[in-house]
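Report on the structure given below.
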Amino acid sequence: MKTSLLLSALLAFCLAPTAQASEALASKSGCMACHTKDKKLVGPAFRDVSAKYKDQKDAEAKLIDKVRKGGSGNWGPIPMSPNGPEKISDGDLKTVVEWILKGAA
């Protein structure tokens, strides 16, 4: 019992900085200018994106491609501009997309 409580606390402690770091990367890269975690701003809320792609096996690749190329029509008439590697590196983009797909929590 004590071991499982300790393991749960340790896991929560270890995951919290990852979520904070992912949100910081999203903010640093300009994502938060149009998106929030839980409500529509200019673009959809990250939690809505997570829900839409929930059971899609290729969700990560689709979202990475969408961020890189931009586009419109999936979430309304306002287009998302392309975001190249000069704005967000491949590694940081993967981290942010993984965070979004986990519900941006």
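Chain labels follow the order of the structure tokens: the first chain is A, the next B, and so on; residue numbering restarts at 1 in every chain, and ligands are counted from 1 in their shown order.
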Write out as number ranges by chain which residues come within 12 Å of Ala61 of chain A when counting only C-alpha atoms, dropping same-chain ones fewer than 4 positions away.
A: 53, 56-57, 65-68, 90, 93-94, 97-98, 101
9 Å contact set for segment 32-38 of chain A, only C-alpha atoms, chain neighbours under 5 positions out, as an NGL selection string:
:A and (23 or 26-27 or 43-48 or 80 or 100 or 103-105)
Quick one: distance from atom CA of Pro82 of chain A to atom CA of Leu41 of chain A in Å, one decimal?
17.9 Å
Mind listing the alpha helix (DSSP H) residues of chain A, per DSSP on the backbone, as a ChimeraX atom specification?
/A:2-28,46-52,59-69,90-101
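Residues surrounding Thr95 of chain A within 12 Å are A:Thr18, A:Ala19, A:Gln20, A:Ala21, A:Ser22, A:Glu23, A:Ala24, A:Leu25, A:Ala26, A:Ser29, A:Glu60, A:Leu63, A:Ile64, A:Ile88, A:Ser89, A:Asp90, A:Gly91, A:Asp92, A:Glu98, A:Trp99, A:Ile100, A:Leu101, A:Lys102, A:Ala104 [only C-alpha atoms; sequence separation below 3 positions excluded].
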